$ cat final-v4.cif   # mmCIF, C-alpha atoms
data_target
loop_
_atom_site.label_atom_id
_atom_site.label_comp_id
_atom_site.auth_asym_id
_atom_site.auth_seq_id
_atom_site.Cartn_x
_atom_site.Cartn_y
_atom_site.Cartn_z
CA MET A 1 -41.60 -35.49 93.73
CA TYR A 2 -42.25 -38.16 96.24
CA ILE A 3 -41.31 -41.87 96.04
CA TRP A 4 -42.64 -44.70 98.00
CA TYR A 5 -40.25 -47.43 99.12
CA TYR A 6 -40.56 -50.54 101.39
CA SER A 7 -38.66 -51.18 104.59
CA GLN A 8 -38.72 -54.42 106.52
CA ASP A 9 -42.28 -54.24 107.72
CA TYR A 10 -44.02 -51.28 106.04
CA PHE A 11 -43.80 -48.67 103.24
CA HIS A 12 -42.11 -45.40 103.80
CA ILE A 13 -42.41 -42.27 101.66
CA PHE A 14 -38.98 -41.12 100.61
CA THR A 15 -38.41 -37.59 99.78
CA PRO A 16 -35.22 -37.15 97.81
CA PRO A 17 -32.87 -34.55 99.17
CA MET A 18 -33.17 -32.49 95.89
CA LYS A 19 -36.13 -31.86 93.72
CA LEU A 20 -36.19 -33.81 90.48
CA ARG A 21 -36.17 -31.92 87.20
CA THR A 22 -39.50 -31.61 85.50
CA GLY A 23 -40.19 -31.99 81.84
CA TYR A 24 -39.38 -34.76 79.49
CA LYS A 25 -35.99 -35.54 80.99
CA GLY A 26 -37.36 -35.40 84.56
CA PHE A 27 -40.07 -37.81 83.68
CA ILE A 28 -37.60 -40.32 82.27
CA LEU A 29 -35.40 -39.99 85.35
CA ALA A 30 -38.33 -40.52 87.76
CA ALA A 31 -39.51 -43.57 85.89
CA PHE A 32 -36.11 -45.16 86.01
CA THR A 33 -35.77 -44.30 89.72
CA CYS A 34 -39.08 -45.96 90.60
CA LEU A 35 -38.17 -49.08 88.71
CA PHE A 36 -34.82 -49.18 90.39
CA ILE A 37 -36.33 -48.86 93.90
CA LEU A 38 -38.98 -51.47 93.20
CA PHE A 39 -36.46 -53.97 92.02
CA SER A 40 -34.02 -53.13 94.78
CA PHE A 41 -36.43 -53.66 97.58
CA SER A 42 -38.35 -56.55 96.09
CA ALA A 43 -35.73 -58.97 97.20
CA LYS A 44 -35.66 -57.59 100.71
CA ALA A 45 -39.41 -57.30 101.21
CA GLN A 46 -40.96 -60.12 103.09
CA TYR A 47 -44.60 -59.47 102.40
CA VAL A 48 -46.78 -56.70 100.98
CA SER A 49 -50.51 -56.93 100.68
CA PRO A 50 -52.09 -56.57 97.30
CA LYS A 51 -54.04 -53.51 98.42
CA VAL A 52 -50.90 -51.75 99.45
CA LYS A 53 -49.23 -52.68 96.20
CA LEU A 54 -52.23 -51.44 94.23
CA GLU A 55 -52.37 -48.15 96.07
CA ALA A 56 -48.67 -47.72 95.63
CA ALA A 57 -49.00 -48.47 91.89
CA GLU A 58 -51.96 -46.13 91.49
CA ASN A 59 -50.14 -43.39 93.30
CA THR A 60 -47.10 -43.92 91.10
CA ILE A 61 -49.24 -43.94 87.94
CA SER A 62 -50.99 -40.79 89.11
CA LYS A 63 -47.69 -39.09 89.61
CA LEU A 64 -46.52 -40.29 86.22
CA SER A 65 -49.71 -38.95 84.63
CA GLU A 66 -49.13 -35.59 86.23
CA ALA A 67 -45.56 -35.66 84.98
CA ILE A 68 -46.79 -36.52 81.47
CA LYS A 69 -49.35 -33.72 81.61
CA GLU A 70 -46.70 -31.32 82.79
CA ARG A 71 -44.44 -32.54 79.97
CA ASP A 72 -47.24 -32.08 77.42
CA LYS A 73 -47.89 -28.60 78.76
CA VAL A 74 -44.20 -27.76 78.44
CA ILE A 75 -44.16 -29.19 74.88
CA HIS A 76 -47.31 -27.25 74.06
CA ASP A 77 -45.81 -24.06 75.48
CA GLN A 78 -42.59 -24.64 73.59
CA LYS A 79 -44.53 -25.36 70.38
CA TYR A 80 -46.57 -22.19 70.88
CA LEU A 81 -43.39 -20.21 71.40
CA LEU A 82 -41.86 -21.76 68.28
CA GLU A 83 -44.99 -21.02 66.24
CA LYS A 84 -45.01 -17.47 67.61
CA LYS A 85 -41.38 -17.10 66.65
CA ASP A 86 -42.17 -18.51 63.16
CA ARG A 87 -45.02 -16.03 62.81
CA GLU A 88 -42.77 -13.23 63.93
CA ILE A 89 -40.08 -14.35 61.45
CA LEU A 90 -42.70 -14.61 58.67
CA THR A 91 -44.00 -11.17 59.58
CA VAL A 92 -40.48 -9.79 59.46
CA GLN A 93 -39.86 -11.54 56.12
CA ASN A 94 -43.10 -10.13 54.69
CA SER A 95 -42.14 -6.71 55.99
CA VAL A 96 -38.74 -7.07 54.35
CA LYS A 97 -40.37 -8.13 51.07
CA ARG A 98 -42.81 -5.23 51.22
CA LEU A 99 -39.93 -2.94 52.00
CA GLU A 100 -37.99 -4.32 49.02
CA ILE A 101 -41.04 -3.92 46.76
CA ASN A 102 -41.65 -0.40 48.01
CA THR A 103 -37.97 0.39 47.57
CA ALA A 104 -38.08 -0.94 43.97
CA LYS A 105 -41.24 1.07 43.30
CA MET A 106 -39.63 4.14 44.75
CA LYS A 107 -36.57 3.59 42.58
CA GLU A 108 -38.77 3.10 39.49
CA ALA A 109 -40.80 6.16 40.39
CA SER A 110 -37.57 8.03 40.88
CA LYS A 111 -36.43 6.94 37.42
CA HIS A 112 -39.75 8.09 35.91
CA GLN A 113 -39.48 11.33 37.78
CA ASP A 114 -35.96 11.78 36.47
CA SER A 115 -37.11 10.94 32.93
CA PHE A 116 -40.06 13.29 33.23
CA LEU A 117 -37.78 15.96 34.59
CA ASN A 118 -35.36 15.44 31.71
CA VAL A 119 -38.21 15.58 29.18
CA PHE A 120 -39.60 18.66 30.85
CA LEU A 121 -36.21 20.36 30.81
CA LEU A 122 -35.68 19.37 27.16
CA ALA A 123 -39.15 20.64 26.23
CA ALA A 124 -38.50 23.87 28.08
CA LEU A 125 -35.18 24.26 26.27
CA LEU A 126 -36.80 23.59 22.89
CA ALA A 127 -39.56 26.03 23.72
CA LEU A 128 -37.00 28.68 24.52
CA VAL A 129 -35.16 27.96 21.27
CA ALA A 130 -38.45 28.09 19.34
CA VAL A 131 -39.36 31.39 20.95
CA ALA A 132 -35.94 32.76 20.08
CA ILE A 133 -36.22 31.53 16.48
CA LEU A 134 -39.76 32.89 16.23
CA PHE A 135 -38.61 36.23 17.53
CA VAL A 136 -35.77 36.38 15.02
CA THR A 137 -38.06 35.09 12.25
CA LEU A 138 -40.72 37.68 12.97
CA LYS A 139 -38.08 40.34 12.99
CA ASP A 140 -36.64 39.11 9.69
CA LYS A 141 -40.13 38.53 8.31
CA LYS A 142 -41.00 42.17 8.68
CA SER A 143 -37.85 43.08 6.81
CA LEU A 144 -38.47 40.42 4.16
CA PHE A 145 -42.10 41.44 3.84
CA LYS A 146 -41.04 45.00 3.23
CA LYS A 147 -38.50 43.88 0.63
CA LEU A 148 -41.11 41.57 -0.91
CA GLU A 149 -43.55 44.45 -1.20
CA GLU A 150 -40.88 46.51 -2.91
CA LYS A 151 -40.00 43.67 -5.30
CA THR A 152 -43.68 42.95 -5.93
CA ALA A 153 -44.21 46.58 -6.80
CA ILE A 154 -41.24 46.42 -9.19
CA ILE A 155 -42.53 43.17 -10.73
CA ASN A 156 -46.03 44.58 -11.09
CA LYS A 157 -44.60 47.68 -12.69
CA GLY A 158 -42.51 45.50 -14.99
CA ALA A 159 -45.55 43.34 -15.78
CA GLU A 160 -47.59 46.42 -16.58
CA ASP A 161 -44.80 47.75 -18.79
CA LEU A 162 -44.45 44.34 -20.46
CA GLN A 163 -48.20 44.13 -20.95
CA GLN A 164 -48.18 47.59 -22.46
CA LYS A 165 -45.29 46.68 -24.75
CA ASN A 166 -47.05 43.43 -25.60
CA LYS A 167 -50.13 45.38 -26.53
CA GLU A 168 -48.06 47.75 -28.61
CA VAL A 169 -46.35 44.85 -30.39
CA THR A 170 -49.69 43.09 -30.93
CA ASP A 171 -51.21 46.30 -32.23
CA SER A 172 -48.22 46.71 -34.53
CA ILE A 173 -48.63 43.13 -35.80
CA LYS A 174 -52.35 43.70 -36.33
CA TYR A 175 -51.51 46.84 -38.26
CA ALA A 176 -48.97 44.81 -40.27
CA ARG A 177 -51.81 42.36 -41.00
CA LYS A 178 -53.83 45.22 -42.43
CA ILE A 179 -50.88 46.20 -44.62
CA GLN A 180 -50.44 42.58 -45.71
CA ASP A 181 -54.15 42.27 -46.47
CA VAL A 182 -53.92 45.40 -48.60
CA MET A 183 -51.04 43.88 -50.56
CA LEU A 184 -52.85 40.57 -51.09
CA PRO A 185 -55.43 40.31 -53.89
CA THR A 186 -59.03 40.83 -52.82
CA ILE A 187 -61.79 38.38 -53.66
CA ASN A 188 -63.14 40.84 -56.21
CA GLU A 189 -59.74 41.10 -57.91
CA MET A 190 -59.52 37.32 -58.06
CA LYS A 191 -63.03 36.99 -59.46
CA ALA A 192 -62.36 39.71 -62.03
CA LYS A 193 -59.32 37.94 -63.45
CA LEU A 194 -60.21 34.31 -62.62
CA PRO A 195 -64.01 34.08 -62.16
CA LYS A 196 -64.10 30.40 -61.20
CA SER A 197 -61.46 30.45 -58.48
CA PHE A 198 -61.29 29.80 -54.73
CA VAL A 199 -58.77 30.59 -51.98
CA PHE A 200 -58.40 28.62 -48.73
CA TYR A 201 -56.14 30.84 -46.65
CA LYS A 202 -55.50 30.06 -42.95
CA PRO A 203 -52.53 31.85 -41.30
CA LYS A 204 -51.00 30.27 -38.21
CA ASP A 205 -50.49 33.65 -36.52
CA ILE A 206 -51.88 37.14 -36.96
CA VAL A 207 -49.73 37.69 -40.04
CA SER A 208 -48.69 35.01 -42.48
CA GLY A 209 -45.61 33.86 -44.34
CA ASP A 210 -47.79 32.43 -47.13
CA PHE A 211 -49.06 34.76 -49.83
CA PHE A 212 -50.74 34.67 -53.22
CA TRP A 213 -50.30 37.22 -55.99
CA ILE A 214 -52.13 37.94 -59.25
CA THR A 215 -51.82 40.32 -62.16
CA GLU A 216 -53.04 40.38 -65.77
CA VAL A 217 -51.17 41.57 -68.89
CA ASN A 218 -52.66 41.30 -72.38
CA GLN A 219 -55.24 38.64 -71.42
CA LYS A 220 -52.53 36.64 -69.73
CA VAL A 221 -53.11 36.05 -66.04
CA PHE A 222 -49.99 35.67 -63.93
CA PHE A 223 -50.64 33.92 -60.63
CA ALA A 224 -48.25 32.89 -57.84
CA THR A 225 -48.64 30.94 -54.59
CA ALA A 226 -45.68 31.26 -52.21
CA ASP A 227 -44.49 29.94 -48.83
CA CYS A 228 -41.83 32.20 -47.30
CA THR A 229 -39.18 31.05 -44.84
CA GLY A 230 -40.73 30.99 -41.37
CA HIS A 231 -44.16 32.20 -40.34
CA GLY A 232 -45.51 35.05 -38.30
CA VAL A 233 -43.71 38.40 -38.53
CA PRO A 234 -40.49 37.13 -40.26
CA GLY A 235 -42.53 35.28 -42.86
CA ALA A 236 -44.86 38.25 -43.31
CA LEU A 237 -41.94 40.60 -43.97
CA MET A 238 -40.56 38.19 -46.56
CA SER A 239 -44.00 37.86 -48.15
CA MET A 240 -44.37 41.64 -48.52
CA LEU A 241 -40.89 41.74 -50.04
CA GLY A 242 -41.93 39.02 -52.50
CA ILE A 243 -45.19 40.75 -53.47
CA SER A 244 -43.38 44.06 -53.97
CA ARG A 245 -40.66 42.47 -56.13
CA LEU A 246 -43.19 40.54 -58.28
CA ASN A 247 -45.15 43.72 -59.00
CA GLU A 248 -41.90 45.45 -59.91
CA ILE A 249 -40.63 42.61 -62.17
CA VAL A 250 -43.87 42.02 -64.11
CA ASN A 251 -45.66 45.37 -64.10
CA GLU A 252 -42.63 47.68 -64.27
CA LYS A 253 -39.86 45.65 -65.91
CA ASP A 254 -42.37 43.86 -68.16
CA ILE A 255 -40.74 40.45 -67.69
CA LEU A 256 -43.47 37.97 -68.71
CA SER A 257 -41.68 34.60 -68.74
CA PRO A 258 -42.43 32.58 -65.57
CA ALA A 259 -38.88 31.18 -65.41
CA LYS A 260 -37.31 34.63 -65.97
CA ILE A 261 -39.63 36.12 -63.38
CA LEU A 262 -38.44 33.59 -60.76
CA ASN A 263 -34.79 34.08 -61.72
CA GLU A 264 -35.15 37.84 -61.36
CA LEU A 265 -37.04 37.43 -58.09
CA LYS A 266 -34.30 35.15 -56.72
CA SER A 267 -31.56 37.64 -57.60
CA SER A 268 -33.50 40.50 -56.04
CA ILE A 269 -34.12 38.63 -52.77
CA ILE A 270 -30.50 37.45 -52.49
CA ASN A 271 -29.30 41.03 -53.03
CA SER A 272 -31.73 42.32 -50.39
CA LEU A 273 -30.66 39.70 -47.83
CA SER A 274 -26.95 40.25 -48.47
CA LYS A 275 -27.29 43.88 -47.35
CA THR A 276 -27.89 42.77 -43.75
CA GLU A 277 -25.30 41.02 -41.58
CA SER A 278 -28.00 38.86 -40.00
CA GLY A 279 -29.02 37.58 -43.42
CA ALA A 280 -25.55 36.55 -44.51
CA GLY A 281 -25.15 32.81 -44.92
CA MET A 282 -28.80 32.03 -44.09
CA GLN A 283 -30.98 30.03 -46.48
CA ASP A 284 -33.81 32.54 -46.58
CA GLY A 285 -36.32 32.95 -49.35
CA MET A 286 -39.51 31.25 -50.47
CA ASP A 287 -40.97 28.19 -52.18
CA ILE A 288 -43.20 29.39 -54.99
CA SER A 289 -45.20 28.16 -57.97
CA LEU A 290 -45.88 30.72 -60.73
CA PHE A 291 -48.00 30.18 -63.82
CA CYS A 292 -49.14 32.28 -66.76
CA TYR A 293 -52.63 31.40 -68.00
CA ASP A 294 -53.24 32.45 -71.62
CA LYS A 295 -57.02 32.73 -71.84
CA ARG A 296 -57.11 32.85 -75.65
CA LYS A 297 -54.86 29.84 -76.24
CA MET A 298 -56.03 27.82 -73.16
CA LYS A 299 -52.36 27.33 -72.43
CA LEU A 300 -50.54 27.21 -69.09
CA THR A 301 -46.90 28.24 -68.86
CA TYR A 302 -45.26 27.74 -65.48
CA ALA A 303 -42.10 27.65 -63.39
CA ALA A 304 -41.94 26.39 -59.82
CA ALA A 305 -39.51 26.41 -56.88
CA ASN A 306 -40.05 23.34 -54.64
CA ASN A 307 -43.88 23.67 -54.72
CA GLY A 308 -45.54 21.97 -57.70
CA ILE A 309 -48.92 22.43 -59.40
CA TYR A 310 -51.85 20.00 -59.69
CA ILE A 311 -54.11 19.77 -62.73
CA ILE A 312 -57.29 17.85 -61.90
CA ARG A 313 -58.86 16.54 -65.08
CA GLU A 314 -61.94 14.38 -64.75
CA ASP A 315 -60.92 11.47 -62.46
CA LYS A 316 -57.16 11.95 -62.38
CA ILE A 317 -54.59 14.34 -60.97
CA ILE A 318 -51.72 15.52 -63.16
CA SER A 319 -48.75 16.72 -61.11
CA LEU A 320 -46.54 19.43 -62.65
CA GLU A 321 -43.15 19.07 -61.00
CA ALA A 322 -41.08 21.89 -59.51
CA ASP A 323 -37.35 22.63 -59.48
CA LYS A 324 -35.65 21.45 -56.28
CA GLN A 325 -34.47 24.86 -55.15
CA PRO A 326 -36.04 27.87 -53.41
CA VAL A 327 -36.25 31.45 -54.55
CA GLY A 328 -33.46 32.76 -52.33
CA THR A 329 -30.14 31.66 -50.89
CA SER A 330 -29.30 27.96 -51.31
CA PRO A 331 -26.47 25.70 -52.54
CA ARG A 332 -28.18 25.67 -55.99
CA GLU A 333 -28.90 29.38 -56.22
CA HIS A 334 -26.68 29.75 -59.31
CA MET A 335 -28.93 27.39 -61.32
CA PRO A 336 -31.73 29.02 -63.38
CA PHE A 337 -35.34 27.88 -63.16
CA LYS A 338 -36.87 25.80 -65.93
CA GLU A 339 -40.04 26.80 -67.75
CA SER A 340 -42.69 24.35 -68.98
CA SER A 341 -46.10 24.56 -70.64
CA PHE A 342 -49.33 22.57 -70.43
CA ASP A 343 -52.42 22.61 -72.67
CA LEU A 344 -55.60 23.09 -70.71
CA MET A 345 -59.09 21.76 -71.32
CA GLU A 346 -62.43 23.11 -70.23
CA SER A 347 -63.39 22.04 -66.67
CA ASP A 348 -59.75 21.47 -65.72
CA LEU A 349 -59.03 22.53 -62.14
CA ILE A 350 -55.63 24.18 -61.54
CA VAL A 351 -54.52 23.86 -57.90
CA THR A 352 -51.52 25.60 -56.34
CA TYR A 353 -50.60 25.06 -52.69
CA THR A 354 -48.10 25.46 -49.85
CA ASP A 355 -47.05 22.64 -47.50
CA GLY A 356 -49.08 23.77 -44.44
CA PHE A 357 -52.10 21.51 -45.00
CA ALA A 358 -50.08 18.37 -45.83
CA ASP A 359 -47.70 18.90 -42.87
CA GLN A 360 -50.43 19.38 -40.27
CA PHE A 361 -50.36 16.82 -37.45
CA GLY A 362 -53.61 15.25 -36.32
CA GLY A 363 -55.97 12.36 -36.86
CA PRO A 364 -56.30 9.37 -34.51
CA LYS A 365 -52.52 8.77 -34.42
CA GLY A 366 -51.29 12.38 -34.46
CA LYS A 367 -49.57 11.97 -37.83
CA LYS A 368 -49.17 14.33 -40.79
CA PHE A 369 -52.04 14.78 -43.23
CA LYS A 370 -49.62 14.29 -46.18
CA TYR A 371 -50.09 14.99 -49.89
CA LYS A 372 -51.83 11.71 -50.69
CA GLN A 373 -54.78 12.62 -48.47
CA LEU A 374 -54.69 16.17 -49.85
CA GLN A 375 -55.08 14.77 -53.37
CA GLN A 376 -58.00 12.60 -52.19
CA LEU A 377 -59.63 15.67 -50.63
CA LEU A 378 -59.22 17.62 -53.88
CA MET A 379 -60.86 14.77 -55.80
CA GLU A 380 -63.81 14.86 -53.39
CA VAL A 381 -64.44 18.59 -53.79
CA LYS A 382 -63.41 19.09 -57.45
CA ASN A 383 -67.01 19.19 -58.73
CA LYS A 384 -68.36 21.31 -55.86
CA PRO A 385 -69.15 24.99 -56.47
CA VAL A 386 -65.95 27.00 -55.97
CA SER A 387 -67.76 29.19 -53.42
CA VAL A 388 -68.17 26.29 -50.94
CA ILE A 389 -64.83 24.54 -51.43
CA PRO A 390 -62.88 26.71 -48.88
CA GLU A 391 -65.43 25.93 -46.14
CA LEU A 392 -65.36 22.19 -46.92
CA MET A 393 -61.56 22.18 -46.76
CA ASN A 394 -61.60 24.14 -43.48
CA ARG A 395 -63.89 21.53 -41.87
CA VAL A 396 -61.58 18.71 -42.91
CA PHE A 397 -58.55 20.63 -41.64
CA LEU A 398 -60.07 21.39 -38.22
CA LYS A 399 -61.32 17.83 -37.79
CA TRP A 400 -57.89 16.44 -38.61
CA LYS A 401 -56.04 18.91 -36.37
CA GLY A 402 -58.34 18.33 -33.41
CA LYS A 403 -56.84 19.81 -30.24
CA LEU A 404 -53.33 19.93 -31.67
CA GLU A 405 -51.65 23.21 -32.52
CA GLN A 406 -51.58 24.44 -36.10
CA VAL A 407 -48.00 23.93 -37.26
CA ASP A 408 -47.78 26.28 -40.26
CA ASP A 409 -49.63 28.72 -42.48
CA VAL A 410 -52.05 27.05 -44.90
CA LEU A 411 -52.78 28.22 -48.45
CA ILE A 412 -54.54 26.37 -51.27
CA VAL A 413 -55.77 28.16 -54.42
CA GLY A 414 -57.87 26.63 -57.18
CA VAL A 415 -58.80 27.91 -60.65
CA ARG A 416 -61.45 26.17 -62.73
CA ILE A 417 -61.12 26.64 -66.50
#

$ encode --input "final-v4.cif" --output "structure tokens"
Amino acid sequence: MYIWYYSQDYFHIFTPPMKLRTGYKGFILAAFTCLFILFSFSAKAQYVSPKVKLEAAENTISKLSEAIKERDKVIHDQKYLLEKKDREILTVQNSVKRLEINTAKMKEASKHQDSFLNVFLLAALLALVAVAILFVTLKDKKSLFKKLEEKTAIINKGAEDLQQKNKEVTDSIKYARKIQDVMLPTINEMKAKLPKSFVFYKPKDIVSGDFFWITEVNQKVFFATADCTGHGVPGALMSMLGISRLNEIVNEKDILSPAKILNELKSSIINSLSKTESGAGMQDGMDISLFCYDKRKMKLTYAAANNGIYIIREDKIISLEADKQPVGTSPREHMPFKESSFDLMESDLIVTYTDGFADQFGGPKGKKFKYKQLQQLLMEVKNKPVSVIPELMNRVFLKWKGKLEQVDDVLIVGVRI
């Protein structure tokens, strides 16, 4: 840098012994130096022309401008370097962020890979266990299947044997039904002794515990309607015992009093039951109504055990009461039966019955039919021909029962005088 200064008579260019520093600080130093020289020599200068002063000022300004430009260039270069450094720092920061993100992703992926690996290993282990179980199961299954086939064969054989025995039992019961039917009076026998009579007979099973019996001695018709203890085979056996004993008492022993007949029948049944251990102490026997109809005298003599007798005369029902004890074992078995008589009129309808019809469940509420409705039914059919009465009663019974099971044997017998 060069500096003009003034001597006594002219300007001299002074070159400092050392080069001034450039840049912002150099500029400030040069400016202060120029001002110092100007003021220092102004007092000593005698005269300087305006032209010289102007040239000196322009030269100084030019130098200052160059210094300013050089300063600006340095500032610009420094700014560029700073911006470059900032960009480099930002780039590094972005790289660090991307590296952190990638690292996090890699860690997450590693976790997923570990989880997937764990799941895969667990699945593989379960698959191995399943294969092992399947292998053992298949092995056991063959053994079980073989055992099952053997047991099935045994069961089928047992079922066939049971079916065969069932068939044999059923055939035996059907044969017993034939025997029971033989012992019961036929329609022709009934019509021969009691021409205007009907029988509504509906067993619950193949054989029945209800029975009716008839015989005639010296124009006296003896008729009984009985309900034995139980139904099915036990009841049927008791009924055949009752029929056999009645034939013996009346036709062989010639006992013709209804009360004496029942007393003899009770003693015979008790003696028969006492011969078996299974019968001891059981209240077995039958409820029975027995009457003797004297055709010549139009007289009815009767005795009854639990089951009474109805006499339907015109528009009313006369109920002949029964003794409150069965023919068989009971707390009152030592008491004799009572005998009563009743004068009959033409067109009277004698009705004997068991409890099967009255005890049948059915109707809209599933209740018992009961004796009141039975009496109403008898009043409705009393004037019908005796040949159609059983069918009319069967229709009423089936309608009342509906889909319910029949609970007991049913027997109703009517004799029109």

$ residues_near_point --input "final-v4.cif" --point "(-44.5, 38.5, -37.0)" --cutoff "9 Å" --atoms "all atoms listed in the file" --output "PyMOL selection string"
chain A and resi 173+176+205-209+231-237

$ resolve_selection --input "final-v4.cif" --expression "the PyMOL selection byres ((chain A and resi 310-318) around 7)" --output "list in words"
Gly308, Ile309, Ser319, Leu320, Asp348, Leu349, Ile350, Val351 and Thr352 of chain A

$ atom_distance --input "final-v4.cif" --atom1 "CA of Met190 (chain A)" --atom2 "CA of Phe211 (chain A)"
13.6 Å

$ resolve_selection --input "final-v4.cif" --expression "the PyMOL selection byres ((chain A and resi 386) around 10)" --output "list in words"
Pro195, Lys196, Ser197, Phe198, Val199, Val381, Lys382, Asn383, Lys384, Pro385, Ser387, Val388, Ile389, Pro390, Glu391, Gly414, Val415 and Arg416 of chain A

$ atom_distance --input "final-v4.cif" --atom1 "CA of Leu344 (chain A)" --atom2 "CA of Leu300 (chain A)"
6.7 Å

$ residues_around --input "final-v4.cif" --residues "region 397-401 of chain A" --least-positions-apart "2" --cutoff "9 Å" --atoms "all atoms listed in the file" --output "number ranges by chain"
A: 357, 360-364, 366, 369, 392-395, 403-406

$ write_last_selection --input "final-v4.cif" --atoms "C-alpha atoms" --output "PDB file, in the frame of the given file"
ATOM      1  CA  PHE A 357     -52.100  21.510 -45.000  1.00  0.00           C
ATOM      2  CA  GLN A 360     -50.430  19.380 -40.270  1.00  0.00           C
ATOM      3  CA  PHE A 361     -50.360  16.820 -37.450  1.00  0.00           C
ATOM      4  CA  GLY A 362     -53.610  15.250 -36.320  1.00  0.00           C
ATOM      5  CA  GLY A 363     -55.970  12.360 -36.860  1.00  0.00           C
ATOM      6  CA  PRO A 364     -56.300   9.370 -34.510  1.00  0.00           C
ATOM      7  CA  GLY A 366     -51.290  12.380 -34.460  1.00  0.00           C
ATOM      8  CA  PHE A 369     -52.040  14.780 -43.230  1.00  0.00           C
ATOM      9  CA  LEU A 392     -65.360  22.190 -46.920  1.00  0.00           C
ATOM     10  CA  MET A 393     -61.560  22.180 -46.760  1.00  0.00           C
ATOM     11  CA  ASN A 394     -61.600  24.140 -43.480  1.00  0.00           C
ATOM     12  CA  ARG A 395     -63.890  21.530 -41.870  1.00  0.00           C
ATOM     13  CA  LYS A 403     -56.840  19.810 -30.240  1.00  0.00           C
ATOM     14  CA  LEU A 404     -53.330  19.930 -31.670  1.00  0.00           C
ATOM     15  CA  GLU A 405     -51.650  23.210 -32.520  1.00  0.00           C
ATOM     16  CA  GLN A 406     -51.580  24.440 -36.100  1.00  0.00           C
TER      17      GLN A 406
END

$ resolve_selection --input "final-v4.cif" --expression "the PyMOL selection byres ((chain A and resi 302) around 6)" --output "PDB file with C-alpha atoms, in the coordinates of the input"
ATOM      1  CA  PRO A 258     -42.430  32.580 -65.570  1.00  0.00           C
ATOM      2  CA  LEU A 290     -45.880  30.720 -60.730  1.00  0.00           C
ATOM      3  CA  PHE A 291     -48.000  30.180 -63.820  1.00  0.00           C
ATOM      4  CA  THR A 301     -46.900  28.240 -68.860  1.00  0.00           C
ATOM      5  CA  ALA A 303     -42.100  27.650 -63.390  1.00  0.00           C
ATOM      6  CA  GLU A 339     -40.040  26.800 -67.750  1.00  0.00           C
ATOM      7  CA  SER A 340     -42.690  24.350 -68.980  1.00  0.00           C
TER       8      SER A 340
END

$ residues_near_point --input "final-v4.cif" --point "(-55.1, 42.3, -48.7)" --cutoff "12 Å" --atoms "only C-alpha atoms" --output "count of residues only"
26

$ atom_distance --input "final-v4.cif" --atom1 "CA of Ala124 (chain A)" --atom2 "CA of Ser143 (chain A)"
28.7 Å

$ closest_residue --input "final-v4.cif" --among "A:Val217, A:Ile75, A:Ile288, A:Leu411" --to "Glu252 (chain A)" --atoms "only C-alpha atoms"
A:Val217

$ closest_residue --input "final-v4.cif" --among "A:Glu248, A:Asp77, A:Asp161, A:Glu264" --to "Gly328 (chain A)" --atoms "only C-alpha atoms"
A:Glu264

$ closest_residue --input "final-v4.cif" --among "A:Arg245, A:Lys139, A:Lys253, A:Lys157" --to "Ser272 (chain A)" --atoms "only C-alpha atoms"
A:Arg245
